[in-house]
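Asks: If it helps, the file is called upload_20.tsv and holds TSV, C-alpha atoms:
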```tsv
chain	number	residue	atom	x	y	z
A	259	MET	CA	39.72	50.85	198.24
A	260	ALA	CA	39.05	54.55	197.65
A	261	ARG	CA	40.17	55.34	201.18
A	262	SER	CA	43.46	53.46	200.74
A	263	ARG	CA	44.18	55.35	197.51
A	264	LYS	CA	43.65	58.69	199.29
A	265	THR	CA	45.95	57.60	202.12
A	266	ARG	CA	48.62	56.50	199.66
A	267	LYS	CA	48.36	59.79	197.76
A	268	ARG	CA	48.65	61.80	200.97
A	269	LYS	CA	51.77	59.86	201.95
A	270	MET	CA	53.32	60.42	198.53
A	271	THR	CA	52.83	64.17	198.69
A	272	LYS	CA	54.50	64.26	202.12
A	273	ALA	CA	57.58	62.26	201.03
A	274	ARG	CA	60.74	63.94	202.24
A	275	TYR	CA	63.79	64.70	200.15
A	276	PHE	CA	67.47	64.13	200.81
A	277	ASP	CA	70.13	65.58	198.53
A	278	TYR	CA	72.20	62.51	197.69
A	279	SER	CA	73.66	64.34	194.70
A	280	MET	CA	75.26	66.91	196.99
A	281	LEU	CA	76.56	64.17	199.28
A	282	ALA	CA	78.13	62.36	196.29
A	283	VAL	CA	79.83	65.55	195.06
A	284	LEU	CA	81.09	66.25	198.57
A	285	ILE	CA	82.58	62.76	199.02
A	286	PHE	CA	84.25	62.96	195.62
A	287	LEU	CA	85.68	66.39	196.47
A	288	ILE	CA	87.08	65.14	199.78
A	289	CYS	CA	88.66	62.08	198.15
A	290	PHE	CA	90.17	64.21	195.40
A	291	GLY	CA	91.53	66.54	198.06
A	292	LEU	CA	93.19	63.66	199.92
A	293	VAL	CA	94.88	62.42	196.74
A	294	MET	CA	96.19	65.89	195.87
A	295	LEU	CA	97.24	66.57	199.46
A	296	TYR	CA	99.40	63.44	199.51
A	297	SER	CA	100.89	64.24	196.11
A	298	THR	CA	101.58	67.83	197.15
A	299	SER	CA	102.88	67.32	200.69
A	300	SER	CA	104.76	64.00	200.52
A	301	TYR	CA	108.16	65.63	199.92
A	302	SER	CA	107.87	68.35	202.57
A	303	ALA	CA	106.43	65.85	205.09
A	304	LEU	CA	109.36	63.49	204.45
A	305	VAL	CA	111.89	66.28	204.95
A	306	THR	CA	110.18	67.73	208.04
A	307	TYR	CA	108.83	64.65	209.84
A	308	GLY	CA	110.57	61.72	208.16
A	309	ASP	CA	107.19	60.37	207.06
A	310	SER	CA	105.87	61.21	203.58
A	311	MET	CA	102.31	60.44	204.72
A	312	HIS	CA	102.33	62.66	207.82
A	313	TYR	CA	99.96	65.33	206.47
A	314	PHE	CA	97.88	62.76	204.59
A	315	LYS	CA	97.25	60.58	207.67
A	316	ARG	CA	96.28	63.55	209.83
A	317	GLN	CA	93.93	64.87	207.16
A	318	LEU	CA	92.43	61.42	206.61
A	319	ILE	CA	91.54	61.17	210.31
A	320	PHE	CA	89.75	64.53	210.20
A	321	CYS	CA	87.97	63.62	206.96
A	322	VAL	CA	86.62	60.39	208.49
A	323	MET	CA	85.54	62.35	211.57
A	324	GLY	CA	83.96	64.91	209.23
A	325	LEU	CA	81.88	62.28	207.43
A	326	ILE	CA	80.63	61.05	210.81
A	327	VAL	CA	79.80	64.66	211.72
A	328	ILE	CA	77.82	65.05	208.49
A	329	TYR	CA	75.78	61.93	209.30
A	330	VAL	CA	75.00	63.15	212.82
A	331	VAL	CA	74.33	66.82	212.03
A	332	ALA	CA	72.15	65.98	209.00
A	333	LYS	CA	69.70	64.24	211.34
A	334	ILE	CA	69.24	67.31	213.56
A	335	ASP	CA	66.18	69.51	213.01
A	336	TYR	CA	67.74	72.81	211.97
A	337	HIS	CA	65.05	74.82	213.80
A	338	ILE	CA	66.83	73.99	217.05
A	339	TYR	CA	69.61	76.37	215.98
A	340	ILE	CA	67.24	79.32	216.41
A	341	LYS	CA	67.50	78.92	220.18
A	342	TRP	CA	71.27	78.44	220.26
A	343	ALA	CA	72.37	80.83	217.50
A	344	LYS	CA	72.98	83.88	219.70
A	345	PRO	CA	74.80	81.94	222.46
A	346	LEU	CA	77.02	80.42	219.74
A	347	TYR	CA	77.72	83.92	218.41
A	348	LEU	CA	78.81	85.06	221.89
A	349	VAL	CA	80.86	81.89	222.41
A	350	SER	CA	82.67	82.53	219.13
A	351	VAL	CA	83.65	86.01	220.34
A	352	PHE	CA	84.83	84.58	223.67
A	353	LEU	CA	86.94	81.92	221.95
A	354	MET	CA	88.58	84.56	219.78
A	355	MET	CA	89.40	86.54	222.92
A	356	LEU	CA	91.23	83.47	224.25
A	357	VAL	CA	93.73	83.81	221.41
A	358	LYS	CA	95.09	86.90	223.20
A	359	THR	CA	95.67	84.86	226.38
A	360	PRO	CA	98.52	82.39	227.09
A	361	LEU	CA	96.31	79.73	225.45
A	362	GLY	CA	96.90	81.39	222.08
A	363	LYS	CA	99.50	79.82	219.82
A	364	GLU	CA	101.54	81.51	217.10
A	365	VAL	CA	102.17	79.61	213.86
A	366	ASN	CA	104.27	81.01	211.01
A	367	GLY	CA	104.22	84.48	212.54
A	368	ALA	CA	100.42	84.61	213.00
A	369	LYS	CA	98.70	84.12	216.37
A	370	ARG	CA	95.31	82.69	215.35
A	371	TRP	CA	95.11	79.37	217.14
A	372	ILE	CA	94.30	78.00	220.60
A	373	GLN	CA	96.55	75.22	221.83
A	374	LEU	CA	94.70	71.99	222.66
A	375	PRO	CA	95.93	68.75	224.27
A	376	PHE	CA	97.73	66.08	222.21
A	377	ASP	CA	99.53	68.69	220.09
A	378	GLN	CA	96.30	69.83	218.42
A	379	GLN	CA	95.41	73.38	217.47
A	380	PHE	CA	92.02	75.03	217.16
A	381	GLN	CA	91.22	78.10	215.08
A	382	PRO	CA	88.28	79.96	216.72
A	383	ALA	CA	87.68	82.09	213.62
A	384	GLU	CA	86.10	78.97	212.07
A	385	VAL	CA	83.44	79.06	214.80
A	386	ALA	CA	82.69	82.68	213.88
A	387	LYS	CA	81.74	81.62	210.34
A	388	ILE	CA	79.15	79.10	211.53
A	389	ALA	CA	77.92	81.50	214.21
A	390	ILE	CA	77.23	84.16	211.59
A	391	ILE	CA	75.59	81.64	209.25
A	392	LEU	CA	73.16	80.57	212.00
A	393	PHE	CA	72.63	83.89	213.82
A	394	ILE	CA	72.10	86.43	211.02
A	395	PRO	CA	69.07	84.48	209.63
A	396	VAL	CA	67.52	84.58	213.12
A	397	LEU	CA	67.87	88.37	213.20
A	398	ILE	CA	66.45	88.73	209.69
A	399	CYS	CA	63.44	86.52	210.47
A	400	LYS	CA	62.68	88.42	213.69
A	401	MET	CA	63.09	91.75	211.93
A	402	GLY	CA	60.46	91.01	209.31
A	403	LYS	CA	59.66	93.96	207.03
A	404	GLU	CA	62.12	96.17	208.89
A	405	ILE	CA	64.91	94.55	206.86
A	406	LYS	CA	63.69	96.62	203.90
A	407	THR	CA	64.58	99.83	205.71
A	408	LEU	CA	68.01	101.45	205.99
A	409	GLY	CA	67.88	101.09	209.78
A	410	GLY	CA	67.13	97.38	209.53
A	411	ILE	CA	70.03	96.81	207.14
A	412	ALA	CA	72.34	98.77	209.44
A	413	LYS	CA	71.39	96.59	212.44
A	414	ILE	CA	72.15	93.37	210.58
A	415	LEU	CA	75.42	94.69	209.18
A	416	ALA	CA	76.44	95.89	212.65
A	417	TRP	CA	76.25	92.34	214.05
A	418	GLY	CA	78.27	91.04	211.11
A	419	ALA	CA	80.77	93.89	211.36
A	420	PHE	CA	81.32	93.26	215.07
A	421	SER	CA	82.10	89.60	214.46
A	422	ALA	CA	84.38	90.49	211.54
A	423	ALA	CA	86.17	93.07	213.70
A	424	CYS	CA	86.74	90.45	216.41
A	425	VAL	CA	88.20	88.10	213.79
A	426	LEU	CA	90.49	90.84	212.50
A	427	PHE	CA	91.70	92.38	215.75
A	428	LEU	CA	91.62	89.36	218.07
A	429	THR	CA	92.95	86.70	215.68
A	430	ASP	CA	94.67	88.98	213.14
A	431	ASN	CA	92.92	87.19	210.26
A	432	LEU	CA	91.89	89.64	207.55
A	433	SER	CA	90.75	87.03	205.01
A	434	THR	CA	88.33	85.36	207.43
A	435	ALA	CA	87.05	88.78	208.51
A	436	ILE	CA	86.27	89.53	204.86
A	437	ILE	CA	84.43	86.22	204.54
A	438	VAL	CA	82.38	86.81	207.72
A	439	MET	CA	81.35	90.27	206.53
A	440	GLY	CA	80.75	88.96	203.03
A	441	ILE	CA	78.36	86.26	204.30
A	442	THR	CA	76.38	88.93	206.16
A	443	CYS	CA	76.18	91.23	203.14
A	444	ILE	CA	75.08	88.41	200.81
A	445	MET	CA	72.27	87.42	203.18
A	446	VAL	CA	71.06	91.04	203.33
A	447	PHE	CA	71.27	91.23	199.53
A	448	VAL	CA	69.19	88.05	199.14
A	449	VAL	CA	66.31	89.20	201.38
A	450	HIS	CA	66.23	92.83	200.28
A	451	PRO	CA	63.67	93.51	197.50
A	452	LYS	CA	65.88	95.98	195.59
A	453	THR	CA	69.02	95.00	193.71
A	454	ALA	CA	70.18	98.23	192.09
A	455	PRO	CA	71.53	99.92	195.27
A	456	PHE	CA	73.74	96.92	196.03
A	457	ILE	CA	75.14	96.87	192.49
A	458	VAL	CA	75.94	100.60	192.69
A	459	LEU	CA	77.61	100.19	196.10
A	460	PHE	CA	79.62	97.18	194.93
A	461	THR	CA	80.80	98.94	191.77
A	462	ALA	CA	81.73	102.08	193.70
A	463	GLY	CA	83.54	100.02	196.33
A	464	MET	CA	85.58	98.15	193.74
A	465	GLY	CA	86.51	101.43	192.09
A	466	VAL	CA	87.66	102.91	195.40
A	467	ILE	CA	89.72	99.80	196.17
A	468	LEU	CA	91.46	99.86	192.79
A	469	VAL	CA	92.33	103.55	193.12
A	470	ALA	CA	93.52	103.05	196.70
A	471	VAL	CA	95.74	100.14	195.68
A	472	GLN	CA	97.42	102.18	192.97
A	473	ILE	CA	98.02	105.06	195.38
A	474	LEU	CA	99.36	102.78	198.10
A	475	GLY	CA	101.64	101.06	195.62
A	476	ARG	CA	103.36	104.38	194.89
A	477	VAL	CA	103.29	106.00	198.32
A	478	LEU	CA	103.96	103.17	200.79
A	479	VAL	CA	107.14	101.74	199.32
A	480	THR	CA	108.93	102.21	202.64
A	481	SER	CA	106.04	101.01	204.85
A	482	GLU	CA	106.84	98.44	207.54
A	483	ASN	CA	103.21	97.26	207.88
A	484	PHE	CA	103.05	93.67	206.66
A	485	ARG	CA	99.65	94.15	204.99
A	486	MET	CA	100.96	97.15	203.07
A	487	ARG	CA	103.99	95.10	202.08
A	488	ARG	CA	101.67	92.40	200.76
A	489	ILE	CA	100.12	94.96	198.40
A	490	LEU	CA	103.57	95.91	197.14
A	491	VAL	CA	104.47	92.24	196.68
A	492	TRP	CA	101.24	91.68	194.79
A	493	LEU	CA	101.87	94.61	192.44
A	494	ALA	CA	105.48	93.60	191.71
A	495	PRO	CA	106.31	90.13	193.08
A	496	GLU	CA	109.56	89.88	191.15
A	497	ASP	CA	110.86	93.03	192.88
A	498	HIS	CA	110.00	91.75	196.35
A	499	ALA	CA	110.97	88.09	196.11
A	500	ALA	CA	112.70	88.19	199.49
A	501	GLU	CA	109.66	89.75	201.19
A	502	GLY	CA	106.93	87.30	200.19
A	503	GLY	CA	106.93	87.49	196.42
A	504	TYR	CA	108.92	84.26	196.15
A	505	GLN	CA	105.92	82.07	197.01
A	506	ILE	CA	103.55	83.63	194.48
A	507	MET	CA	106.24	83.67	191.76
A	508	GLN	CA	106.90	79.95	192.21
A	509	ALA	CA	103.15	79.28	192.20
A	510	LEU	CA	102.81	81.12	188.89
A	511	TYR	CA	105.74	79.12	187.49
A	512	ALA	CA	103.97	75.92	188.55
A	513	ILE	CA	100.74	76.97	186.83
A	514	GLY	CA	102.57	77.99	183.66
A	515	SER	CA	104.64	74.80	183.43
A	516	GLY	CA	101.64	72.48	183.75
A	517	GLY	CA	100.17	73.16	180.34
A	518	PHE	CA	96.71	71.78	179.62
A	519	PHE	CA	97.07	68.20	180.90
A	520	GLY	CA	99.93	68.72	183.35
A	521	LYS	CA	103.11	66.81	184.10
A	522	GLY	CA	101.32	63.90	185.71
A	523	LEU	CA	100.26	63.12	189.27
A	524	GLY	CA	103.24	63.30	191.62
A	525	ASN	CA	105.59	64.86	189.06
A	526	SER	CA	105.53	68.43	190.36
A	527	ALA	CA	108.88	70.16	190.80
A	528	GLN	CA	107.59	73.34	192.44
A	529	LYS	CA	106.12	71.47	195.43
A	530	MET	CA	109.71	71.03	196.62
A	531	ILE	CA	110.23	74.80	196.53
A	532	ILE	CA	106.99	76.57	197.50
A	533	PRO	CA	106.74	77.09	201.30
A	534	GLU	CA	103.69	75.52	203.03
A	535	VAL	CA	102.41	74.44	199.62
A	536	GLN	CA	99.82	72.07	201.13
A	537	ASN	CA	97.89	75.04	202.52
A	538	ASP	CA	96.75	78.02	200.45
A	539	MET	CA	98.90	77.27	197.36
A	540	ILE	CA	97.77	73.70	196.72
A	541	LEU	CA	95.86	74.76	193.60
A	542	SER	CA	99.12	75.74	191.91
A	543	ILE	CA	100.40	72.16	192.26
A	544	ILE	CA	97.09	70.81	190.95
A	545	CYS	CA	97.64	73.01	187.88
A	546	GLU	CA	101.23	71.78	187.50
A	547	GLU	CA	100.44	68.08	187.85
A	548	LEU	CA	96.99	67.95	186.21
A	549	GLY	CA	97.21	71.09	184.10
A	550	VAL	CA	94.39	73.42	183.17
A	551	PHE	CA	92.20	70.31	182.91
A	552	GLY	CA	92.74	69.62	186.62
A	553	ALA	CA	91.92	73.20	187.56
A	554	ILE	CA	88.73	73.04	185.49
A	555	LEU	CA	87.82	69.76	187.21
A	556	VAL	CA	88.22	71.38	190.63
A	557	LEU	CA	86.11	74.38	189.65
A	558	VAL	CA	83.42	72.13	188.14
A	559	LEU	CA	83.24	70.14	191.39
A	560	PHE	CA	82.82	73.32	193.41
A	561	GLY	CA	80.28	74.57	190.87
A	562	MET	CA	78.24	71.37	191.31
A	563	LEU	CA	78.44	71.67	195.10
A	564	LEU	CA	77.29	75.31	194.97
A	565	TYR	CA	74.48	74.37	192.58
A	566	ARG	CA	73.18	71.76	195.03
A	567	LEU	CA	73.35	74.31	197.87
A	568	LEU	CA	71.44	76.77	195.71
A	569	PHE	CA	68.82	74.11	194.98
A	570	ILE	CA	68.35	73.39	198.70
A	571	ALA	CA	68.13	77.11	199.51
A	572	GLN	CA	65.46	77.65	196.85
A	573	ASN	CA	63.35	74.72	198.02
A	574	ALA	CA	63.79	75.01	201.80
A	575	PRO	CA	60.46	74.87	203.66
A	576	ASP	CA	60.95	78.25	205.38
A	577	ILE	CA	62.99	81.43	205.18
A	578	TYR	CA	65.26	80.46	208.08
A	579	GLY	CA	66.35	77.24	206.39
A	580	SER	CA	66.79	79.04	203.11
A	581	LEU	CA	68.99	81.74	204.66
A	582	ILE	CA	71.14	79.20	206.51
A	583	VAL	CA	71.97	77.40	203.26
A	584	THR	CA	72.46	80.77	201.55
A	585	GLY	CA	75.07	81.59	204.18
A	586	ILE	CA	76.83	78.27	203.60
A	587	PHE	CA	76.71	78.91	199.84
A	588	ALA	CA	78.25	82.36	200.39
A	589	HIS	CA	81.01	80.96	202.60
A	590	ILE	CA	82.10	78.27	200.14
A	591	ALA	CA	81.84	80.59	197.13
A	592	LEU	CA	83.81	83.41	198.77
A	593	GLN	CA	86.54	81.11	200.02
A	594	VAL	CA	87.00	79.42	196.64
A	595	ILE	CA	87.03	82.75	194.79
A	596	LEU	CA	89.55	84.29	197.19
A	597	ASN	CA	91.87	81.28	197.07
A	598	VAL	CA	91.84	81.07	193.27
A	599	ALA	CA	92.37	84.84	193.00
A	600	VAL	CA	95.40	84.65	195.31
A	601	VAL	CA	96.99	81.72	193.47
A	602	ILE	CA	96.78	83.49	190.09
A	603	ASN	CA	97.86	86.79	191.71
A	604	LEU	CA	94.65	88.70	191.10
A	605	ILE	CA	94.65	89.85	194.73
A	606	PRO	CA	97.32	90.03	197.46
A	607	THR	CA	98.05	86.85	199.43
A	608	THR	CA	95.55	86.29	202.24
A	609	GLY	CA	96.35	82.83	203.60
A	610	ILE	CA	92.86	81.57	202.76
A	611	THR	CA	92.70	77.84	202.03
A	612	LEU	CA	90.86	75.89	199.32
A	613	PRO	CA	87.85	74.19	200.97
A	614	PHE	CA	88.06	70.37	201.39
A	615	ILE	CA	91.39	70.25	199.53
A	616	SER	CA	93.94	72.29	201.47
A	617	TYR	CA	95.48	70.83	204.63
A	618	GLY	CA	93.74	71.76	207.88
A	619	GLY	CA	91.83	69.66	210.40
A	620	THR	CA	89.80	72.47	211.98
A	621	SER	CA	88.75	73.71	208.56
A	622	ILE	CA	87.60	70.25	207.44
A	623	LEU	CA	85.57	69.65	210.60
A	624	PHE	CA	83.72	72.96	210.45
A	625	LEU	CA	83.12	72.69	206.70
A	626	THR	CA	81.58	69.26	207.21
A	627	ILE	CA	79.40	70.67	210.01
A	628	GLU	CA	78.10	73.23	207.49
A	629	MET	CA	77.48	70.49	204.93
A	630	GLY	CA	75.61	68.47	207.55
A	631	ILE	CA	73.44	71.50	208.34
A	632	ALA	CA	72.67	71.96	204.63
A	633	LEU	CA	71.74	68.28	204.28
A	634	GLY	CA	69.61	68.62	207.40
A	635	VAL	CA	67.67	71.41	205.69
A	636	SER	CA	67.31	69.25	202.57
A	637	ARG	CA	65.66	66.51	204.67
A	638	LYS	CA	62.79	68.90	205.39
A	639	ILE	CA	62.08	69.58	201.72
A	640	LYS	CA	58.84	68.00	200.55
A	641	PHE	CA	57.78	67.49	196.95
A	642	GLU	CA	54.35	66.69	195.61
A	643	ASP	CA	54.18	63.67	193.37
```
Could I get this file's structure written as structure tokens?

Replies:
Amino acid sequence: MARSRKTRKRKMTKARYFDYSMLAVLIFLICFGLVMLYSTSSYSALVTYGDSMHYFKRQLIFCVMGLIVIYVVAKIDYHIYIKWAKPLYLVSVFLMMLVKTPLGKEVNGAKRWIQLPFDQQFQPAEVAKIAIILFIPVLICKMGKEIKTLGGIAKILAWGAFSAACVLFLTDNLSTAIIVMGITCIMVFVVHPKTAPFIVLFTAGMGVILVAVQILGRVLVTSENFRMRRILVWLAPEDHAAEGGYQIMQALYAIGSGGFFGKGLGNSAQKMIIPEVQNDMILSIICEELGVFGAILVLVLFGMLLYRLLFIAQNAPDIYGSLIVTGIFAHIALQVILNVAVVINLIPTTGITLPFISYGGTSILFLTIEMGIALGVSRKIKFED
């Protein structure tokens, strides 16, 4: 009897955890995204393709595939990624190089995709995000105490900067390059014992950016560089409506006309006007149809998802698992912050989408891979009874 009690106690202390709360939040977020995507894109899909459910059906297929991916990836022992992290990093660079070949496809003036069979497109910059999330923790773990030194930090940042540079110069995607570099910096910040230097650098950097923006806004009025023009549009969208300010102005009108509870699902007027509204500007239609309440709901859902990722990172059985989930946390947080900031015109337009809600099959698949990895880490968490 005593022996059986000891055995039972030992089994209880070794019981593994699985974050069903995070899975529930994720499923709810995906379903909410599908509803809003249909409401947002039905008019433009009807005009363009003659089928109001064109975007919805394509997104639904990728969402179902994504849920299957989560189930499969969550069962994989995340330690296997240690062996394959560097090859994946190199593969991501190679795939981005293919964008400059005849395989690259230009969409809406940007050449960021690789053409696949059956009229499908693939954005290799999405691979770079996962590659950084898996590879930087490997470097940090191998580096050990060297990460506390200036040389160690420089080595880690160099790998992140190289990947970000490839994203920027090979796929011409500034927003994703910022996210890739941001993920690297956040991981270094998490493992470094001192906080003050990072706060000083961040504050100084923001100050430099603000001053530079004001100077550029006055000096580069005649610039032909499209990124410089975006800054001008951001500073005075009403004066540059024909050069890109039209989209952000209509988005702001949509947000303002929604009030607190919105006009009602499907009753948006601006979705018939805003170009490519189902992509990076979908939050503006959420605000118009569901009001400030809808925007708060979206942010609460993302807050819950980030909280669950933070919980997994804090309780992961080892530093590698913790850093992987930290990287996923950083990716989701940065992408949500950048998208919201663009929609309310806090920063220039970047083309960054709202995770799990904006239209995009490649984005959904790679986001669900990340969620599967995070759930795989959660399976290794053990709690004592």

Asks: Please compute the CA of Ile326 (chain A)-CA of Leu633 (chain A) distance, one decimal, in Å.

Replies: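 Spanning CA of Ile326 (chain A) to CA of Leu633 (chain A) is a straight-line distance of 13.2 Å.
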
Asks: Contacts of Lys341 (chain A) at 12 Å or less, counting all atoms listed in the file, minus same-chain residues fewer than 4 places along, as a PyMOL selection string?

Replies: chain A and resi 335-337+345-347+392-393+396-397

Asks: Keeping C-alpha atoms for every residue in the selection just given, could you write it to a file as a compact mmCIF listing (two decimals), in the coordinates of the input?

Replies:
```
# COMPACT_ATOMS: atom_id res chain seq x y z
CA ASP A 335 66.18 69.51 213.01
CA TYR A 336 67.74 72.81 211.97
CA HIS A 337 65.05 74.82 213.80
CA PRO A 345 74.80 81.94 222.46
CA LEU A 346 77.02 80.42 219.74
CA TYR A 347 77.72 83.92 218.41
CA LEU A 392 73.16 80.57 212.00
CA PHE A 393 72.63 83.89 213.82
CA VAL A 396 67.52 84.58 213.12
CA LEU A 397 67.87 88.37 213.20
```

Asks: Identify which of the residues A:Thr442, A:Thr407, A:Thr298, A:Ser433 lies closest to Ile390 (chain A), counting only C-alpha atoms when measuring atom-to-atom distances.

Replies: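 Among A:Thr442, A:Thr407, A:Thr298, A:Ser433, it is A:Thr442 that comes nearest to Ile390 (chain A).
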
Asks: List the spatial neighbours of region 371-374 of chain A as a list in words - criterion: any atom at most 8 Å away, all atoms listed in the file, same-chain residues fewer than 5 positions off excluded.

Replies: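 In the requested form, the answer reads Leu356, Val357, Leu361, Gly362, Lys363, Glu364, Val365, Gln379, Phe380, Gln381, Pro382 and Thr429 of chain A.
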
Asks: Go through A:Ala591, A:Val535, A:Ile582, A:Cys443 one by one, measure the shortest atom-to-atom distance of each to Cys399 (chain A) using all atoms listed in the file, and give the residue with the smallest value.

Replies: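 Under the stated criterion, the closest residue is A:Ile582.
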
Asks: As number ranges by chain, please: the residues near Ser421 (chain A) (cut-off 10 Å, all atoms listed in the file, same-chain neighbours under 2 positions excluded).

Replies: A: 347-348, 350-351, 354, 383, 386-387, 389-390, 415-419, 423-426, 435, 438-439

Asks: I'd like the contact shell of Gly585 (chain A) - 8 Å cut-off, all atoms listed in the file, skipping same-chain residues fewer than 5 positions apart - returned as a ChimeraX atom specification.

Replies: /A:391,441-442,444-445

Asks: Residues at most 9 Å from Leu592 (chain A), counting all atoms listed in the file, excluding those fewer than 4 positions away in the same chain, as a PyMOL selection string?

Replies: chain A and resi 436-437+440-441+587-588+596-597

Asks: As an exercise, work out the distance from CA of Phe624 (chain A) to CA of Val327 (chain A) in Å and give it to one decimal place.

Replies: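 Taking CA of Phe624 (chain A) and CA of Val327 (chain A), their separation equals 9.3 Å.
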
Asks: With all atoms listed in the file as the basis for distance, which of A:Tyr617, A:Met401, A:Asp576, A:Tyr504 is at the shortest distance from Lys315 (chain A)?

Replies: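 With all atoms listed in the file as the atom set, the closest residue is A:Tyr617.
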
Asks: Name the closest residue to Lys400 (chain A) among the candidates A:Val598, A:Ile543, A:Ile577, A:Gly634; distances are taken between atoms, counting all atoms listed in the file.

Replies: A:Ile577

Asks: To one decimal place, how far is CA of Val550 (chain A) from CA of Phe518 (chain A) in Å?

Replies: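 Interatomic distance here is 4.5 Å.
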
Asks: Around the point (95.6, 62.3, 205.9) in the file's coordinates, collect all residues with an atom within 10 Å, using all atoms listed in the file, and return them as a PyMOL selection string.

Replies: chain A and resi 291-293+295-296+311-322+617-619

Asks: Using the file's own x, y and z axes, so that the box edges lie along x, y and z, what centre and edge lengths in Å (one decimal) does a box around every listed atom of region 528-541 of chain A get when 5 Å is added on each side? Give it as lines of an AutoDock Vina configuration file.

Replies:
```
center_x = 103.0
center_y = 74.5
center_z = 197.7
size_x = 24.4
size_y = 17.0
size_z = 20.6
```

Asks: Pick the closest to Thr584 (chain A) from A:Val601, A:Leu523, A:Lys529, A:Val448: which is it, counting all atoms listed in the file?

Replies: A:Val448

Asks: Which of these residues is nearest to Phe447 (chain A), using only C-alpha atoms: A:Ile285, A:Ile602, A:Ile398, A:Cys545?

Replies: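 Of A:Ile285, A:Ile602, A:Ile398, A:Cys545, the one nearest Phe447 (chain A) is A:Ile398, counting only C-alpha atoms.
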
Asks: Provide region 533-544 of chain A rebuilt to N, CA and C atoms, formatted as an mmCIF file, in the coordinates of the input.

Replies:
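Below is the file that was written, selection-v8.cif:
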```cif
data_model
loop_
_atom_site.group_PDB
_atom_site.id
_atom_site.type_symbol
_atom_site.label_atom_id
_atom_site.label_comp_id
_atom_site.auth_asym_id
_atom_site.auth_seq_id
_atom_site.Cartn_x
_atom_site.Cartn_y
_atom_site.Cartn_z
ATOM 1 N N PRO A 533 106.942 77.290 199.858
ATOM 2 C CA PRO A 533 106.740 77.090 201.300
ATOM 3 C C PRO A 533 105.274 76.789 201.633
ATOM 4 N N GLU A 534 105.038 75.850 202.551
ATOM 5 C CA GLU A 534 103.690 75.520 203.030
ATOM 6 C C GLU A 534 102.728 75.295 201.871
ATOM 7 N N VAL A 535 103.197 74.571 200.852
ATOM 8 C CA VAL A 535 102.410 74.440 199.620
ATOM 9 C C VAL A 535 101.104 73.685 199.843
ATOM 10 N N GLN A 536 101.031 72.858 200.882
ATOM 11 C CA GLN A 536 99.820 72.070 201.130
ATOM 12 C C GLN A 536 98.674 72.914 201.671
ATOM 13 N N ASN A 537 98.937 74.178 201.971
ATOM 14 C CA ASN A 537 97.890 75.040 202.520
ATOM 15 C C ASN A 537 97.220 75.869 201.422
ATOM 16 N N ASP A 538 97.488 77.154 201.371
ATOM 17 C CA ASP A 538 96.750 78.020 200.450
ATOM 18 C C ASP A 538 97.227 77.934 199.006
ATOM 19 N N MET A 539 98.382 77.318 198.726
ATOM 20 C CA MET A 539 98.900 77.270 197.360
ATOM 21 C C MET A 539 98.738 75.895 196.708
ATOM 22 N N ILE A 540 97.899 75.052 197.254
ATOM 23 C CA ILE A 540 97.770 73.700 196.720
ATOM 24 C C ILE A 540 97.204 73.687 195.294
ATOM 25 N N LEU A 541 96.421 74.701 194.944
ATOM 26 C CA LEU A 541 95.860 74.760 193.600
ATOM 27 C C LEU A 541 96.948 74.910 192.541
ATOM 28 N N SER A 542 98.039 75.581 192.877
ATOM 29 C CA SER A 542 99.120 75.740 191.910
ATOM 30 C C SER A 542 99.742 74.391 191.551
ATOM 31 N N ILE A 543 99.838 73.487 192.533
ATOM 32 C CA ILE A 543 100.400 72.160 192.260
ATOM 33 C C ILE A 543 99.388 71.309 191.485
ATOM 34 N N ILE A 544 98.115 71.488 191.748
ATOM 35 C CA ILE A 544 97.090 70.810 190.950
ATOM 36 C C ILE A 544 97.242 71.218 189.484
#
```
